[in-house]
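Written below as structure tokens is the structure these notes are about.
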Amino acid sequence: MAQSFGQTEINWDKLDKTRFYVVGAGLFTGVSVALYPVSVVKTRLQVATKDAVERNVFSVAKGLLKTDGIPGLYRGFGTVITGAIPARIIFLSTLETTKVTAFRMLEPFRLSETSQAAIANGVAGMTSSLFAQSVFVPIDVVSQKLMVQGYSGHSQYSGGLDVVRKVLRTDGIRGLYRGFGPSVITYAPASAVWWASYGSSQRFIWRFLDHGAKYDEVAPSMQKIMLVQATGGIIAGATSSCITTPLDTIKTRLQVMGHENRSSIKQVAKDLINDDGWRGFYRGFGPRFFSMSAWGTSMILTYEYLKRVCSKDE
């Protein structure tokens, strides 16, 4: 491994876990505040019916601001923040521990550094997503129902608890896990692609910056490290959004349907094709592309900064 990269990597065993979780909760909440409105707009676009008046990013955002003001762009935010803390603890803990194990298991195969990083990060991303879905899916169901309430004929709610109460009354606990299969099929590959792209692109960029020269003896500057990490985040977000948006559209439509409109994955896919052709699977692609790229960059810079802040003193 090139020293440029080795000097920027902080392993899981070198972190103060308590500080990592506490500081991380605050930092990631800040990132969520900045990017949450994009998720609201994306979700509304994905569930819009054929006859909906608001069918593009600007009309959806304008409609929300006109009816509810800024709070309209944060529908369901309280639910997301409340549930995101335990979900992120599960995700990040699984991610880091699995990554270490995967790298260790790949050592005998003598793969290239970039390939090894792609596989180890991909496996870690997929595994952590699978574990975290047990918490993320109910959050998704509740928050998305709040995001689209009153839009294209969807029900109105007084808050997150009202959503939970009504879902449990009509569908039982299964209602909070509606779309669990599509969520796993969407987020597990998305997470695998994201982390694989991030891990491999970082190595590739460091190799490119070194121009094949011998390993640097001086640690790269913080600005250089952040630039490489941000670029890796953009590449990862763009790659993942392009591949997984169709699955995300189907999952979102399944999760916001009322009890009386229950449908199957096959029927949702048919409806999308009937309304918009194959382009229907990429409804909300613009906001999702921006969100995943912006979130990826912001998240990874925050995450890597968090690891530096929480590293144990040698």
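Each chain of the structure tokens is named A, B, ... in the order shown, its residues numbered from 1; ligands are numbered from 1 in display order.
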Leaving out range 149-164 of chain A and any residue of its chain fewer than 5 positions from it, which residues lie within 7 Å of it when counting only C-alpha atoms, given as an mmCIF file with C-alpha atoms, in the first residue's frame?
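For reference, result_35.cif as written:
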data_model
loop_
_atom_site.group_PDB
_atom_site.id
_atom_site.type_symbol
_atom_site.label_atom_id
_atom_site.label_comp_id
_atom_site.auth_asym_id
_atom_site.auth_seq_id
_atom_site.Cartn_x
_atom_site.Cartn_y
_atom_site.Cartn_z
ATOM 1 C CA ALA A 48 -46.295 11.191 -8.304
ATOM 2 C CA THR A 49 -49.254 9.856 -10.266
ATOM 3 C CA ALA A 52 -49.982 15.050 -10.784
ATOM 4 C CA GLY A 76 -40.553 13.429 8.622
ATOM 5 C CA THR A 79 -38.476 10.522 12.747
ATOM 6 C CA VAL A 142 -42.776 6.434 8.525
#
Neighbours of Asp13 in chain A within 10 Å (only C-alpha atoms; same-chain residues fewer than 5 positions away dropped), as a PyMOL selection string?
-> chain A and resi 96-97+100+311-312
Please provide as an mmCIF file with all heavy atoms, in the first residue's frame all residues within 12 Å of Ser93 in chain A, with the sequence filter that same-chain residues fewer than 5 positions apart are discarded (counting only C-alpha atoms).
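Written output follows (result_21.cif):
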data_model
loop_
_atom_site.group_PDB
_atom_site.id
_atom_site.type_symbol
_atom_site.label_atom_id
_atom_site.label_comp_id
_atom_site.auth_asym_id
_atom_site.auth_seq_id
_atom_site.Cartn_x
_atom_site.Cartn_y
_atom_site.Cartn_z
ATOM 1 N N ASN A 11 -7.492 2.958 11.315
ATOM 2 C CA ASN A 11 -8.208 1.701 11.492
ATOM 3 C C ASN A 11 -9.127 1.736 12.712
ATOM 4 O O ASN A 11 -8.947 2.536 13.637
ATOM 5 C CB ASN A 11 -7.218 0.538 11.609
ATOM 6 C CG ASN A 11 -6.474 0.308 10.299
ATOM 7 O OD1 ASN A 11 -7.022 0.504 9.217
ATOM 8 N ND2 ASN A 11 -5.213 -0.098 10.409
ATOM 9 N N TRP A 12 -10.082 0.815 12.726
ATOM 10 C CA TRP A 12 -11.100 0.738 13.767
ATOM 11 C C TRP A 12 -10.499 0.561 15.156
ATOM 12 O O TRP A 12 -10.982 1.137 16.130
ATOM 13 C CB TRP A 12 -12.029 -0.425 13.424
ATOM 14 C CG TRP A 12 -13.200 -0.634 14.326
ATOM 15 C CD1 TRP A 12 -13.456 -1.720 15.092
ATOM 16 C CD2 TRP A 12 -14.301 0.266 14.538
ATOM 17 N NE1 TRP A 12 -14.652 -1.564 15.766
ATOM 18 C CE2 TRP A 12 -15.194 -0.356 15.435
ATOM 19 C CE3 TRP A 12 -14.623 1.527 14.044
ATOM 20 C CZ2 TRP A 12 -16.364 0.237 15.866
ATOM 21 C CZ3 TRP A 12 -15.799 2.128 14.468
ATOM 22 C CH2 TRP A 12 -16.652 1.478 15.362
ATOM 23 N N ASP A 13 -9.430 -0.225 15.266
ATOM 24 C CA ASP A 13 -8.845 -0.491 16.585
ATOM 25 C C ASP A 13 -8.124 0.724 17.167
ATOM 26 O O ASP A 13 -7.763 0.736 18.338
ATOM 27 C CB ASP A 13 -7.891 -1.689 16.518
ATOM 28 C CG ASP A 13 -6.751 -1.475 15.528
ATOM 29 O OD1 ASP A 13 -6.850 -0.560 14.686
ATOM 30 O OD2 ASP A 13 -5.763 -2.233 15.588
ATOM 31 N N LEU A 15 -9.521 3.773 17.254
ATOM 32 C CA LEU A 15 -10.530 4.788 17.561
ATOM 33 C C LEU A 15 -11.031 4.685 18.998
ATOM 34 O O LEU A 15 -11.171 3.592 19.547
ATOM 35 C CB LEU A 15 -11.727 4.645 16.616
ATOM 36 C CG LEU A 15 -11.493 4.941 15.134
ATOM 37 C CD1 LEU A 15 -12.767 4.671 14.343
ATOM 38 C CD2 LEU A 15 -11.038 6.375 14.923
ATOM 39 N N LYS A 17 -14.070 4.596 20.792
ATOM 40 C CA LYS A 17 -15.427 4.285 20.319
ATOM 41 C C LYS A 17 -16.497 5.194 20.938
ATOM 42 O O LYS A 17 -17.416 5.623 20.237
ATOM 43 C CB LYS A 17 -15.777 2.814 20.621
ATOM 44 C CG LYS A 17 -14.753 1.788 20.129
ATOM 45 C CD LYS A 17 -14.552 1.847 18.640
ATOM 46 C CE LYS A 17 -13.673 0.691 18.159
ATOM 47 N NZ LYS A 17 -12.317 0.660 18.720
ATOM 48 N N THR A 18 -16.388 5.490 22.233
ATOM 49 C CA THR A 18 -17.394 6.338 22.886
ATOM 50 C C THR A 18 -17.421 7.720 22.245
ATOM 51 O O THR A 18 -18.478 8.248 21.886
ATOM 52 C CB THR A 18 -17.097 6.475 24.402
ATOM 53 O OG1 THR A 18 -17.082 5.178 24.990
ATOM 54 C CG2 THR A 18 -18.162 7.337 25.074
ATOM 55 N N PHE A 20 -16.323 8.484 19.346
ATOM 56 C CA PHE A 20 -16.704 8.290 17.946
ATOM 57 C C PHE A 20 -18.225 8.328 17.787
ATOM 58 O O PHE A 20 -18.752 9.009 16.906
ATOM 59 C CB PHE A 20 -16.157 6.936 17.473
ATOM 60 C CG PHE A 20 -16.499 6.590 16.050
ATOM 61 C CD1 PHE A 20 -15.793 7.142 14.991
ATOM 62 C CD2 PHE A 20 -17.514 5.687 15.762
ATOM 63 C CE1 PHE A 20 -16.091 6.815 13.676
ATOM 64 C CE2 PHE A 20 -17.829 5.350 14.458
ATOM 65 C CZ PHE A 20 -17.105 5.915 13.407
ATOM 66 N N TYR A 21 -18.958 7.623 18.652
ATOM 67 C CA TYR A 21 -20.414 7.569 18.555
ATOM 68 C C TYR A 21 -21.067 8.892 18.954
ATOM 69 O O TYR A 21 -22.012 9.351 18.311
ATOM 70 C CB TYR A 21 -20.978 6.440 19.409
ATOM 71 C CG TYR A 21 -20.620 5.062 18.904
ATOM 72 C CD1 TYR A 21 -20.102 4.089 19.754
ATOM 73 C CD2 TYR A 21 -20.793 4.729 17.561
ATOM 74 C CE1 TYR A 21 -19.769 2.818 19.291
ATOM 75 C CE2 TYR A 21 -20.475 3.467 17.086
ATOM 76 C CZ TYR A 21 -19.958 2.521 17.954
ATOM 77 O OH TYR A 21 -19.633 1.265 17.478
ATOM 78 N N PRO A 86 -29.308 5.030 16.301
ATOM 79 C CA PRO A 86 -29.005 3.603 16.486
ATOM 80 C C PRO A 86 -28.664 2.910 15.168
ATOM 81 O O PRO A 86 -27.808 2.014 15.139
ATOM 82 C CB PRO A 86 -30.297 3.027 17.080
ATOM 83 C CG PRO A 86 -31.363 4.019 16.757
ATOM 84 C CD PRO A 86 -30.689 5.342 16.745
ATOM 85 N N ALA A 87 -29.315 3.335 14.075
ATOM 86 C CA ALA A 87 -29.038 2.706 12.779
ATOM 87 C C ALA A 87 -27.593 2.956 12.348
ATOM 88 O O ALA A 87 -26.927 2.059 11.818
ATOM 89 C CB ALA A 87 -30.006 3.241 11.723
ATOM 90 N N ARG A 88 -27.102 4.163 12.589
ATOM 91 C CA ARG A 88 -25.721 4.484 12.191
ATOM 92 C C ARG A 88 -24.699 3.763 13.067
ATOM 93 O O ARG A 88 -23.627 3.387 12.600
ATOM 94 C CB ARG A 88 -25.493 6.000 12.250
ATOM 95 C CG ARG A 88 -26.102 6.720 11.064
ATOM 96 C CD ARG A 88 -25.351 7.986 10.724
ATOM 97 N NE ARG A 88 -26.061 8.654 9.645
ATOM 98 C CZ ARG A 88 -26.920 9.637 9.803
ATOM 99 N NH1 ARG A 88 -27.182 10.070 11.030
ATOM 100 N NH2 ARG A 88 -27.523 10.194 8.786
ATOM 101 N N THR A 98 -16.116 -5.457 9.659
ATOM 102 C CA THR A 98 -16.139 -6.342 8.486
ATOM 103 C C THR A 98 -15.020 -5.999 7.519
ATOM 104 O O THR A 98 -14.413 -6.881 6.909
ATOM 105 C CB THR A 98 -17.496 -6.239 7.753
ATOM 106 O OG1 THR A 98 -18.551 -6.492 8.680
ATOM 107 C CG2 THR A 98 -17.582 -7.243 6.615
ATOM 108 N N LYS A 99 -14.741 -4.710 7.369
ATOM 109 C CA LYS A 99 -13.682 -4.274 6.451
ATOM 110 C C LYS A 99 -12.322 -4.846 6.877
ATOM 111 O O LYS A 99 -11.562 -5.358 6.051
ATOM 112 C CB LYS A 99 -13.611 -2.750 6.424
ATOM 113 C CG LYS A 99 -12.787 -2.187 5.271
ATOM 114 C CD LYS A 99 -12.476 -0.706 5.451
ATOM 115 C CE LYS A 99 -13.710 0.133 5.659
ATOM 116 N NZ LYS A 99 -13.367 1.585 5.774
ATOM 117 N N VAL A 100 -12.042 -4.766 8.173
ATOM 118 C CA VAL A 100 -10.780 -5.301 8.695
ATOM 119 C C VAL A 100 -10.680 -6.799 8.434
ATOM 120 O O VAL A 100 -9.656 -7.309 7.975
ATOM 121 C CB VAL A 100 -10.668 -5.014 10.211
ATOM 122 C CG1 VAL A 100 -9.471 -5.755 10.810
ATOM 123 C CG2 VAL A 100 -10.536 -3.520 10.462
ATOM 124 N N ALA A 124 -17.914 -5.138 3.025
ATOM 125 C CA ALA A 124 -18.215 -4.430 4.272
ATOM 126 C C ALA A 124 -19.452 -3.547 4.112
ATOM 127 O O ALA A 124 -20.321 -3.500 4.993
ATOM 128 C CB ALA A 124 -17.022 -3.578 4.694
ATOM 129 N N GLY A 125 -19.550 -2.854 2.971
ATOM 130 C CA GLY A 125 -20.703 -1.990 2.720
ATOM 131 C C GLY A 125 -21.996 -2.776 2.648
ATOM 132 O O GLY A 125 -23.016 -2.379 3.219
ATOM 133 N N THR A 127 -22.622 -5.871 3.909
ATOM 134 C CA THR A 127 -22.913 -6.502 5.198
ATOM 135 C C THR A 127 -23.486 -5.496 6.192
ATOM 136 O O THR A 127 -24.488 -5.771 6.873
ATOM 137 C CB THR A 127 -21.634 -7.127 5.790
ATOM 138 O OG1 THR A 127 -21.063 -8.041 4.853
ATOM 139 C CG2 THR A 127 -21.935 -7.853 7.096
ATOM 140 N N SER A 128 -22.880 -4.316 6.271
ATOM 141 C CA SER A 128 -23.351 -3.295 7.217
ATOM 142 C C SER A 128 -24.753 -2.818 6.855
ATOM 143 O O SER A 128 -25.585 -2.562 7.731
ATOM 144 C CB SER A 128 -22.387 -2.106 7.252
ATOM 145 O OG SER A 128 -22.183 -1.569 5.962
ATOM 146 N N SER A 129 -25.048 -2.722 5.558
ATOM 147 C CA SER A 129 -26.377 -2.312 5.125
ATOM 148 C C SER A 129 -27.426 -3.355 5.495
ATOM 149 O O SER A 129 -28.519 -3.016 5.952
ATOM 150 C CB SER A 129 -26.391 -2.084 3.605
ATOM 151 O OG SER A 129 -27.666 -1.687 3.166
ATOM 152 N N PHE A 131 -27.405 -5.441 8.008
ATOM 153 C CA PHE A 131 -27.658 -5.370 9.440
ATOM 154 C C PHE A 131 -28.483 -4.137 9.802
ATOM 155 O O PHE A 131 -29.379 -4.197 10.644
ATOM 156 C CB PHE A 131 -26.337 -5.343 10.216
ATOM 157 C CG PHE A 131 -25.752 -6.703 10.477
ATOM 158 C CD1 PHE A 131 -24.887 -7.293 9.566
ATOM 159 C CD2 PHE A 131 -26.072 -7.402 11.627
ATOM 160 C CE1 PHE A 131 -24.356 -8.560 9.795
ATOM 161 C CE2 PHE A 131 -25.543 -8.666 11.875
ATOM 162 C CZ PHE A 131 -24.681 -9.245 10.945
ATOM 163 N N ALA A 132 -28.191 -3.004 9.154
ATOM 164 C CA ALA A 132 -28.839 -1.741 9.510
ATOM 165 C C ALA A 132 -30.287 -1.643 9.023
ATOM 166 O O ALA A 132 -31.067 -0.836 9.551
ATOM 167 C CB ALA A 132 -28.033 -0.566 8.958
#
Point out the residue among A:Gly72, A:Gly277, A:Gly181, A:Gly175 with the least atom-to-atom distance to Val41 in chain A, counting only C-alpha atoms.
-> A:Gly72
State, in Å with one decimal place, the distance from CA of Ala84 in chain A to CA of Thr297 in chain A.
->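 Rounded to one decimal, the two atoms are 18.6 Å apart.
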Neighbour list for range 108-113 of chain A as a VMD selection string, cut-off 10 Å, only C-alpha atoms, skip fewer than 2 positions in-chain | chain A and resid 1 to 2 103 to 106 115 to 119 199 to 200 203 to 204
Can I get the selected residues back with N, CA, C and O atoms, as a tab-separated table (two decimals), in the first residue's frame?
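Listed below is the output, result_10.tsv:
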chain	number	residue	atom	x	y	z
A	1	MET	N	0.85	-1.20	0.00
A	1	MET	CA	0.00	0.00	0.00
A	1	MET	C	0.88	1.24	0.00
A	1	MET	O	1.80	1.35	0.80
A	2	ALA	N	0.58	2.17	-0.89
A	2	ALA	CA	1.38	3.38	-0.98
A	2	ALA	C	1.30	4.14	0.33
A	2	ALA	O	0.26	4.23	0.96
A	103	PHE	N	-10.21	-7.56	4.58
A	103	PHE	CA	-8.84	-7.31	4.13
A	103	PHE	C	-7.92	-8.45	4.55
A	103	PHE	O	-7.05	-8.90	3.78
A	104	ARG	N	-8.12	-8.93	5.77
A	104	ARG	CA	-7.28	-10.01	6.30
A	104	ARG	C	-7.49	-11.30	5.50
A	104	ARG	O	-6.54	-12.02	5.18
A	105	MET	N	-8.74	-11.58	5.14
A	105	MET	CA	-9.07	-12.80	4.40
A	105	MET	C	-8.56	-12.75	2.95
A	105	MET	O	-8.29	-13.78	2.34
A	106	LEU	N	-8.42	-11.55	2.40
A	106	LEU	CA	-7.98	-11.40	1.02
A	106	LEU	C	-6.46	-11.43	0.85
A	106	LEU	O	-5.96	-11.59	-0.27
A	115	SER	N	-7.99	-3.70	-6.39
A	115	SER	CA	-8.98	-4.79	-6.38
A	115	SER	C	-9.29	-5.23	-4.96
A	115	SER	O	-10.45	-5.49	-4.60
A	116	GLN	N	-8.26	-5.33	-4.15
A	116	GLN	CA	-8.44	-5.74	-2.76
A	116	GLN	C	-9.33	-4.73	-2.02
A	116	GLN	O	-10.24	-5.11	-1.28
A	117	ALA	N	-9.09	-3.44	-2.27
A	117	ALA	CA	-9.88	-2.39	-1.61
A	117	ALA	C	-11.33	-2.44	-2.08
A	117	ALA	O	-12.26	-2.29	-1.27
A	118	ALA	N	-11.53	-2.66	-3.38
A	118	ALA	CA	-12.90	-2.71	-3.92
A	118	ALA	C	-13.68	-3.86	-3.31
A	118	ALA	O	-14.84	-3.69	-2.88
A	119	ILE	N	-13.07	-5.04	-3.23
A	119	ILE	CA	-13.76	-6.22	-2.71
A	119	ILE	C	-14.03	-6.08	-1.21
A	119	ILE	O	-15.16	-6.29	-0.74
A	199	GLY	N	-13.46	3.00	-1.96
A	199	GLY	CA	-12.18	2.40	-1.57
A	199	GLY	C	-11.22	2.27	-2.74
A	199	GLY	O	-10.03	2.59	-2.62
A	200	SER	N	-11.72	1.81	-3.89
A	200	SER	CA	-10.84	1.61	-5.05
A	200	SER	C	-10.44	2.93	-5.69
A	200	SER	O	-9.29	3.10	-6.12
A	203	ARG	N	-7.54	4.62	-3.83
A	203	ARG	CA	-6.24	4.03	-4.15
A	203	ARG	C	-5.76	4.47	-5.53
A	203	ARG	O	-4.60	4.80	-5.74
A	204	PHE	N	-6.70	4.46	-6.49
A	204	PHE	CA	-6.35	4.84	-7.85
A	204	PHE	C	-5.86	6.29	-7.90
A	204	PHE	O	-4.87	6.61	-8.57
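Proximity of A:Ile81, A:Leu306, A:Ile243, A:Met222 to Ser32 in chain A, computed with only C-alpha atoms, is greatest for A:Ile81.
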Which is closer to Glu9 in chain A than all the others in A:Gly63, A:Pro182, A:Pro189, A:Pro220, using only C-alpha atoms?
->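 Closest to Glu9 in chain A, using only C-alpha atoms: A:Pro220.
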Write out as number ranges by chain all residues of range 122-208 of chain A that backbone DSSP assigns to helix (DSSP H, G or I).
-> A: 122-148, 160-171, 173-176, 180-208
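Separating CA of Lys145 in chain A from CA of Ser240 in chain A is a distance of 24.5 Å.
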Pick from A:Ile234, A:Met299, A:Leu254, A:Val123, whichever lies nearest to Leu35 in chain A using only C-alpha atoms =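 Nearest candidate to Leu35 in chain A out of A:Ile234, A:Met299, A:Leu254, A:Val123: A:Met299.
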CA of Thr302 in chain A to CA of Phe208 in chain A measures 24.2 Å
Which residues, written as a list of chain:residue names, have at least one atom at most 10 Å from Tyr303 in chain A, with only C-alpha atoms counted and residues fewer than 5 positions away on the same chain left out?
-> A:Phe20, A:Gly24, A:Leu27, A:Phe28, A:Leu92, A:Thr297, A:Ser298, A:Arg308, A:Val309
Generate the output file for the selected residues, N, CA, C and O atoms, as a compact mmCIF listing (two decimals), in the first residue's frame.
# COMPACT_ATOMS: atom_id res chain seq x y z
N PHE A 20 -16.32 8.48 19.35
CA PHE A 20 -16.70 8.29 17.95
C PHE A 20 -18.23 8.33 17.79
O PHE A 20 -18.75 9.01 16.91
N GLY A 24 -19.98 11.67 16.47
CA GLY A 24 -20.55 11.30 15.18
C GLY A 24 -22.03 11.62 15.08
O GLY A 24 -22.52 12.06 14.03
N LEU A 27 -22.28 15.35 14.30
CA LEU A 27 -21.79 15.71 12.97
C LEU A 27 -22.73 15.24 11.87
O LEU A 27 -23.06 15.99 10.94
N PHE A 28 -23.20 13.98 11.96
CA PHE A 28 -24.07 13.44 10.91
C PHE A 28 -25.46 14.07 10.94
O PHE A 28 -26.12 14.17 9.91
N LEU A 92 -21.99 1.65 11.09
CA LEU A 92 -20.57 1.98 11.13
C LEU A 92 -19.76 0.92 11.87
O LEU A 92 -18.63 0.60 11.46
N THR A 297 -20.10 12.88 -0.64
CA THR A 297 -18.95 13.75 -0.38
C THR A 297 -18.98 14.29 1.04
O THR A 297 -17.98 14.24 1.77
N SER A 298 -20.15 14.82 1.45
CA SER A 298 -20.28 15.38 2.80
C SER A 298 -20.08 14.31 3.87
O SER A 298 -19.39 14.52 4.87
N ARG A 308 -10.41 11.01 12.50
CA ARG A 308 -9.18 11.71 12.93
C ARG A 308 -9.37 12.31 14.32
O ARG A 308 -8.47 12.24 15.16
N VAL A 309 -10.56 12.90 14.56
CA VAL A 309 -10.84 13.54 15.85
C VAL A 309 -10.89 12.50 16.97
O VAL A 309 -10.48 12.76 18.11
Within 12 Å of Gly179 in chain A using only C-alpha atoms, minus same-chain residues under 2 positions, as a PyMOL selection string = chain A and resi 133-134+136-141+144+174-177+181-187+247-257+262-265+268
